[in-house]
Amino acid sequence: MNLATRIRSSPLWPMLWKEFIQMRRDRLTLAMMVVLPAIQLILFGFAIRTEVRHLPTVVLDESRTSESRALLDVMRNSGNFDLIATVNSRDDISRMIERGAAAAAVVIPPDYMRELRRGRTAQAQVIVDAADPLSSQSALSGAALAGAARTEALLTGRLAVPVPLDVRVRPWYNPDLRSEVYIVPGLIGILLSITMILITSMAIVRERERGTLEQLIVTPIDKTSLMLGKILPFVIVGYVQMSVVLFLGRILFDVPIRGSIGLLYLIAGAFIIANLAVGLVTSTLAQTQVQAMQMGFFFIMPNFLLSGFMFPRAAMPVAAQWIGAVLPLTYFLDVLRGILLKGAGLSALWPQMLALFAFAAALIAVSVRRFQKTLE
Amino acid sequence: MSGPTAPVPAATAPTSDVPVAVRTVQLRKVFGELVAVEGLDLTINKGEVFGVLGPNGSGKTTTIRMLCGLIAPTSGTATVVGFDIVTQAEQLRRRIGYMSQRFGLYDDLTVRENLRFYSAVYGMRGAELDARMTELMDNLDLAPLASQLVSELSGGWKQRLALACAIAHRPDMLFLDEPTAGVDPAARRHFWEIVHQLASSGTTVLVTTHYMDEAGRCDRVAFLSRGRLIALGTPAAVSEQFGLSSIEDVFIELQKRDEGVTV
């Protein structure tokens, strides 16, 4: 028997044929596979902003002079503070911040103008609701910047000499510091993890629940065909999802594709296979679809939190970094951001690529061992 | 019914000249604390319709699953159509058909698609596959329903389709696990006619059932109770052995005894 006949007579073909018919009939799941990435992209892309701007701010201006108004103008123009109200006492400030009506307050003391005129250091105060560290961070840096800008203006006006030091910051790759540019590539990784782990394991457990797996096991279908038949259709689904997010990210959020898209699709293959293998292992542990879903989330949560998708890994304690280091997503995020945002190539990304291929090989080996053609 | 139909030749078993289809020796299966099957010795002849009877939990399904190679026995040995159920499970699977209690059909595929899928999994392709499908759909009157989704079928039609899928590859031995549960009397009668046709053409059939009229249609029956074989013979001989007038009385007597002890 020659090779072509051998391939054609493999039970893999009927398996794939059946899977594609079922996938086509299951309109809801099919729609979810395409619509879910789109919805997630829009939610994450528009809603998640790590840079906090326009903090509602109240003003207690006890100086009421041209100098104090000039300082307030600088703060307003920074875009970090929205000056929403003027108050008359420190008690008012506490009340506003406690109620949540304001997140910051600017206090300019009565002697502000006088001190400036005398050539002494004038004081101004910015009070910040630091219960939320992310927004207080931007208030802190905004206040510091406003202070520095105003100092510079006063100095050059007074001394008529150029400022001695000028440090310029050049933000590379994402000059406008838009968080969606950072989030959208990561979203591809998260979506692929969810789909590959949850949908794959549930698809197999569904066959167990309905009794068709039992029927399949008594047929002479080999283990390899059975496994490949269940996972290959989802590889295609994964690539479709990735393309949808890339395309919409480009159109809606101007997310660049600076590097080789071929390299990205190649490495994504290893990532997809690694996650499918996790899904297969999950399916051997779960008896019902609900269990499969719960186990899937158990694995997906650390991916969300520790891979660097939401929070920078550099800021995490060492133990959390170790956990992150054994998640395929951690490496795939480097690849996604490297290729899309920085135009990185193989010379920069080979360690991540190697790690992902190793993950894929190891996880497939584990799932092949776990996945037995018996009911026990 | 000899000679493989699949293009991949089945390892040739001496099924045609050995009159024994199934032989088990001290077959035993334990699930944790529960002894599901204990010391089972059975010999089933080729071409026989062999009934396995017993209350729920008596070990019928476990026995069938072991004989199909779905679960491994804890101890003991068994051969089915000449193959060892543990060491030759893959060769065995080419020569047996199995119909589970739940039928094992895909609800979201049509009648034709289910039949095509299971036939193709056994290696049939092209003209051979088309011919076999036409033959089965004609024999089992499935042709008018070919394009219906299985989820829309009644229990009787699902059962008939499941049987078609189980015999598509012309197995030497057919295992039917409570095939007529939830099926109306007319469909059950028709089903048994097909079973006897298969047996008369040389297929061995092992069937478990709860229905006593069906037990009477078997050549021989075995009674299981709490995992043990407690009676074996023709239906008439078994009822005689218990001194009761019918198989049904034997069954009720056993069930009372089992439940009285276990509860």
# chains A, B, ... in the order shown; residues from 1 in each chain; ligands from 1
>>> residues_around(residues="Glu19 (chain A)", least_positions_apart="6", cutoff="9 Å", atoms="only C-alpha atoms", output="PyMOL selection string")
chain A and resi 229-230+233
>>> write_last_selection(atoms="N, CA and C atoms", output="PDB file, in the first residue's frame")
ATOM      1  N   GLY A 229      -7.724  14.570  15.327  1.00  0.00           N
ATOM      2  CA  GLY A 229      -9.036  14.936  14.821  1.00  0.00           C
ATOM      3  C   GLY A 229      -9.733  15.944  15.722  1.00  0.00           C
ATOM      4  N   LYS A 230      -9.492  15.829  17.028  1.00  0.00           N
ATOM      5  CA  LYS A 230     -10.123  16.769  17.953  1.00  0.00           C
ATOM      6  C   LYS A 230      -9.382  18.100  18.001  1.00  0.00           C
ATOM      7  N   PRO A 233      -8.881  21.019  14.095  1.00  0.00           N
ATOM      8  CA  PRO A 233      -9.845  22.080  13.761  1.00  0.00           C
ATOM      9  C   PRO A 233      -9.648  23.329  14.623  1.00  0.00           C
TER      10      PRO A 233
END
>>> interface_residues(of="chain A", to="chain B", cutoff="6 Å", atoms="only C-alpha atoms", output="PyMOL selection string")
chain A and resi 9+11+14+211-212+215+218-220+374-375
>>> write_last_selection(atoms="N, CA and C atoms", output="mmCIF file, in the first residue's frame")
data_model
loop_
_atom_site.group_PDB
_atom_site.id
_atom_site.type_symbol
_atom_site.label_atom_id
_atom_site.label_comp_id
_atom_site.auth_asym_id
_atom_site.auth_seq_id
_atom_site.Cartn_x
_atom_site.Cartn_y
_atom_site.Cartn_z
ATOM 1 N N SER A 9 -6.737 6.363 3.777
ATOM 2 C CA SER A 9 -7.525 5.390 4.537
ATOM 3 C C SER A 9 -7.384 5.607 6.039
ATOM 4 N N PRO A 11 -8.092 6.885 9.678
ATOM 5 C CA PRO A 11 -9.333 7.319 10.351
ATOM 6 C C PRO A 11 -9.329 8.803 10.694
ATOM 7 N N PRO A 14 -12.194 10.765 8.340
ATOM 8 C CA PRO A 14 -13.583 10.862 8.823
ATOM 9 C C PRO A 14 -13.706 11.699 10.093
ATOM 10 N N GLY A 211 -21.607 9.954 25.496
ATOM 11 C CA GLY A 211 -21.427 8.536 25.225
ATOM 12 C C GLY A 211 -20.820 8.240 23.870
ATOM 13 N N THR A 212 -20.496 9.270 23.090
ATOM 14 C CA THR A 212 -19.905 9.006 21.774
ATOM 15 C C THR A 212 -18.430 8.651 21.884
ATOM 16 N N GLN A 215 -18.230 5.037 22.230
ATOM 17 C CA GLN A 215 -18.453 4.397 20.938
ATOM 18 C C GLN A 215 -17.197 4.500 20.064
ATOM 19 N N VAL A 218 -14.391 1.911 20.973
ATOM 20 C CA VAL A 218 -14.508 0.532 20.478
ATOM 21 C C VAL A 218 -14.216 0.422 18.992
ATOM 22 N N THR A 219 -14.088 1.521 18.285
ATOM 23 C CA THR A 219 -13.714 1.428 16.872
ATOM 24 C C THR A 219 -12.191 1.288 16.789
ATOM 25 N N PRO A 220 -11.699 0.845 15.642
ATOM 26 C CA PRO A 220 -10.239 0.683 15.545
ATOM 27 C C PRO A 220 -9.497 2.013 15.351
ATOM 28 N N THR A 374 -9.113 4.144 26.712
ATOM 29 C CA THR A 374 -9.977 3.302 27.532
ATOM 30 C C THR A 374 -10.914 4.218 28.298
ATOM 31 N N LEU A 375 -11.891 3.613 28.944
ATOM 32 C CA LEU A 375 -12.871 4.431 29.649
ATOM 33 C C LEU A 375 -12.407 4.812 31.045
#
>>> residues_around(residues="Gln352 (chain A)", least_positions_apart="6", cutoff="8 Å", atoms="only C-alpha atoms", output="PyMOL selection string")
chain A and resi 331-332+334-335
>>> residues_around(residues="Gly79 (chain A)", least_positions_apart="4", cutoff="10 Å", atoms="only C-alpha atoms", output="list in words")
Val52, Arg53, His54, Leu55, Val74, Met75 and Gly142 of chain A
>>> write_last_selection(atoms="N, CA and C atoms", output="short mmCIF file (atom, residue, chain, number, x, y, z; two decimals), in the first residue's frame")
data_model
loop_
_atom_site.label_atom_id
_atom_site.label_comp_id
_atom_site.auth_asym_id
_atom_site.auth_seq_id
_atom_site.Cartn_x
_atom_site.Cartn_y
_atom_site.Cartn_z
N VAL A 52 -3.71 57.26 33.89
CA VAL A 52 -4.88 57.94 34.42
C VAL A 52 -4.74 59.42 34.14
N ARG A 53 -5.74 59.96 33.50
CA ARG A 53 -5.70 61.39 33.21
C ARG A 53 -7.01 61.99 33.68
N HIS A 54 -7.07 63.31 33.69
CA HIS A 54 -8.29 64.01 34.05
C HIS A 54 -8.80 63.64 35.43
N LEU A 55 -7.94 63.69 36.43
CA LEU A 55 -8.38 63.45 37.80
C LEU A 55 -9.24 64.62 38.26
N VAL A 74 -1.06 75.94 34.57
CA VAL A 74 -0.10 74.91 34.14
C VAL A 74 -0.62 73.52 34.49
N MET A 75 -1.20 73.40 35.68
CA MET A 75 -1.71 72.09 36.10
C MET A 75 -2.88 71.65 35.22
N GLY A 142 2.22 64.24 37.61
CA GLY A 142 1.65 65.44 37.01
C GLY A 142 1.98 66.68 37.83
#
>>> atom_distance(atom1="CA of Asp111 (chain A)", atom2="CA of Ile97 (chain A)")
25.0 Å
>>> select_by_dssp(residues="region 183-229 of chain B", states="helix (DSSP H, G or I)", output="PDB file with N, CA and C atoms, in the first residue's frame")
ATOM      1  N   PRO B 185     -42.908  -1.230  21.516  1.00  0.00           N
ATOM      2  CA  PRO B 185     -42.955  -2.682  21.251  1.00  0.00           C
ATOM      3  C   PRO B 185     -42.785  -3.054  19.784  1.00  0.00           C
ATOM      4  N   ALA B 186     -43.381  -2.279  18.885  1.00  0.00           N
ATOM      5  CA  ALA B 186     -43.266  -2.621  17.463  1.00  0.00           C
ATOM      6  C   ALA B 186     -41.810  -2.530  17.012  1.00  0.00           C
ATOM      7  N   ALA B 187     -41.140  -1.455  17.463  1.00  0.00           N
ATOM      8  CA  ALA B 187     -39.740  -1.283  17.083  1.00  0.00           C
ATOM      9  C   ALA B 187     -38.886  -2.390  17.693  1.00  0.00           C
ATOM     10  N   ARG B 188     -39.238  -2.802  18.920  1.00  0.00           N
ATOM     11  CA  ARG B 188     -38.475  -3.869  19.562  1.00  0.00           C
ATOM     12  C   ARG B 188     -38.604  -5.162  18.785  1.00  0.00           C
ATOM     13  N   ARG B 189     -39.816  -5.457  18.338  1.00  0.00           N
ATOM     14  CA  ARG B 189     -40.020  -6.695  17.579  1.00  0.00           C
ATOM     15  C   ARG B 189     -39.200  -6.676  16.295  1.00  0.00           C
ATOM     16  N   HIS B 190     -39.270  -5.558  15.602  1.00  0.00           N
ATOM     17  CA  HIS B 190     -38.509  -5.432  14.365  1.00  0.00           C
ATOM     18  C   HIS B 190     -37.011  -5.596  14.633  1.00  0.00           C
ATOM     19  N   PHE B 191     -36.564  -4.983  15.741  1.00  0.00           N
ATOM     20  CA  PHE B 191     -35.151  -5.039  16.110  1.00  0.00           C
ATOM     21  C   PHE B 191     -34.699  -6.484  16.290  1.00  0.00           C
ATOM     22  N   TRP B 192     -35.545  -7.256  16.997  1.00  0.00           N
ATOM     23  CA  TRP B 192     -35.173  -8.660  17.228  1.00  0.00           C
ATOM     24  C   TRP B 192     -35.168  -9.481  15.952  1.00  0.00           C
ATOM     25  N   GLU B 193     -36.031  -9.133  15.008  1.00  0.00           N
ATOM     26  CA  GLU B 193     -36.001  -9.845  13.720  1.00  0.00           C
ATOM     27  C   GLU B 193     -34.637  -9.655  13.058  1.00  0.00           C
ATOM     28  N   ILE B 194     -34.135  -8.407  13.127  1.00  0.00           N
ATOM     29  CA  ILE B 194     -32.836  -8.136  12.515  1.00  0.00           C
ATOM     30  C   ILE B 194     -31.728  -8.887  13.251  1.00  0.00           C
ATOM     31  N   VAL B 195     -31.832  -8.912  14.594  1.00  0.00           N
ATOM     32  CA  VAL B 195     -30.816  -9.623  15.376  1.00  0.00           C
ATOM     33  C   VAL B 195     -30.763 -11.098  14.960  1.00  0.00           C
ATOM     34  N   HIS B 196     -31.922 -11.707  14.798  1.00  0.00           N
ATOM     35  CA  HIS B 196     -31.928 -13.120  14.406  1.00  0.00           C
ATOM     36  C   HIS B 196     -31.433 -13.335  12.996  1.00  0.00           C
ATOM     37  N   GLN B 197     -31.713 -12.367  12.109  1.00  0.00           N
ATOM     38  CA  GLN B 197     -31.150 -12.450  10.755  1.00  0.00           C
ATOM     39  C   GLN B 197     -29.633 -12.464  10.808  1.00  0.00           C
ATOM     40  N   LEU B 198     -29.098 -11.553  11.624  1.00  0.00           N
ATOM     41  CA  LEU B 198     -27.640 -11.466  11.746  1.00  0.00           C
ATOM     42  C   LEU B 198     -27.069 -12.776  12.283  1.00  0.00           C
ATOM     43  N   ALA B 199     -27.736 -13.324  13.305  1.00  0.00           N
ATOM     44  CA  ALA B 199     -27.248 -14.559  13.908  1.00  0.00           C
ATOM     45  C   ALA B 199     -27.286 -15.708  12.903  1.00  0.00           C
ATOM     46  N   SER B 200     -28.344 -15.745  12.093  1.00  0.00           N
ATOM     47  CA  SER B 200     -28.447 -16.859  11.146  1.00  0.00           C
ATOM     48  C   SER B 200     -27.403 -16.739  10.041  1.00  0.00           C
ATOM     49  N   MET B 212     -38.252  -9.505  29.808  1.00  0.00           N
ATOM     50  CA  MET B 212     -38.249 -10.955  29.892  1.00  0.00           C
ATOM     51  C   MET B 212     -38.707 -11.633  28.618  1.00  0.00           C
ATOM     52  N   ASP B 213     -39.584 -10.956  27.843  1.00  0.00           N
ATOM     53  CA  ASP B 213     -39.971 -11.556  26.566  1.00  0.00           C
ATOM     54  C   ASP B 213     -38.756 -11.634  25.642  1.00  0.00           C
ATOM     55  N   GLU B 214     -37.827 -10.690  25.817  1.00  0.00           N
ATOM     56  CA  GLU B 214     -36.622 -10.714  24.997  1.00  0.00           C
ATOM     57  C   GLU B 214     -35.691 -11.832  25.432  1.00  0.00           C
ATOM     58  N   ALA B 215     -35.660 -12.080  26.739  1.00  0.00           N
ATOM     59  CA  ALA B 215     -34.829 -13.186  27.231  1.00  0.00           C
ATOM     60  C   ALA B 215     -35.265 -14.485  26.555  1.00  0.00           C
TER      61      ALA B 215
END
>>> residues_around(residues="Val205 (chain B)", least_positions_apart="4", cutoff="9 Å", atoms="only C-alpha atoms", output="PDB file with C-alpha atoms, in the first residue's frame")
ATOM      1  CA  LYS B  46     -20.352 -18.855  17.253  1.00  0.00           C
ATOM      2  CA  GLY B  47     -23.674 -17.777  15.772  1.00  0.00           C
ATOM      3  CA  GLU B  48     -25.440 -17.877  19.129  1.00  0.00           C
ATOM      4  CA  VAL B  49     -27.803 -15.226  20.465  1.00  0.00           C
ATOM      5  CA  PHE B  50     -26.688 -15.069  24.060  1.00  0.00           C
ATOM      6  CA  GLY B  51     -28.629 -13.110  26.659  1.00  0.00           C
ATOM      7  CA  ASP B 172     -18.102 -11.317  13.619  1.00  0.00           C
ATOM      8  CA  MET B 173     -19.464 -10.506  17.041  1.00  0.00           C
ATOM      9  CA  LEU B 174     -22.030  -7.964  18.151  1.00  0.00           C
ATOM     10  CA  PHE B 175     -22.441  -6.619  21.691  1.00  0.00           C
ATOM     11  CA  LEU B 176     -25.783  -5.004  22.498  1.00  0.00           C
ATOM     12  CA  VAL B 195     -30.816  -9.623  15.376  1.00  0.00           C
ATOM     13  CA  HIS B 196     -31.928 -13.120  14.406  1.00  0.00           C
ATOM     14  CA  LEU B 198     -27.640 -11.466  11.746  1.00  0.00           C
ATOM     15  CA  ALA B 199     -27.248 -14.559  13.908  1.00  0.00           C
TER      16      ALA B 199
END
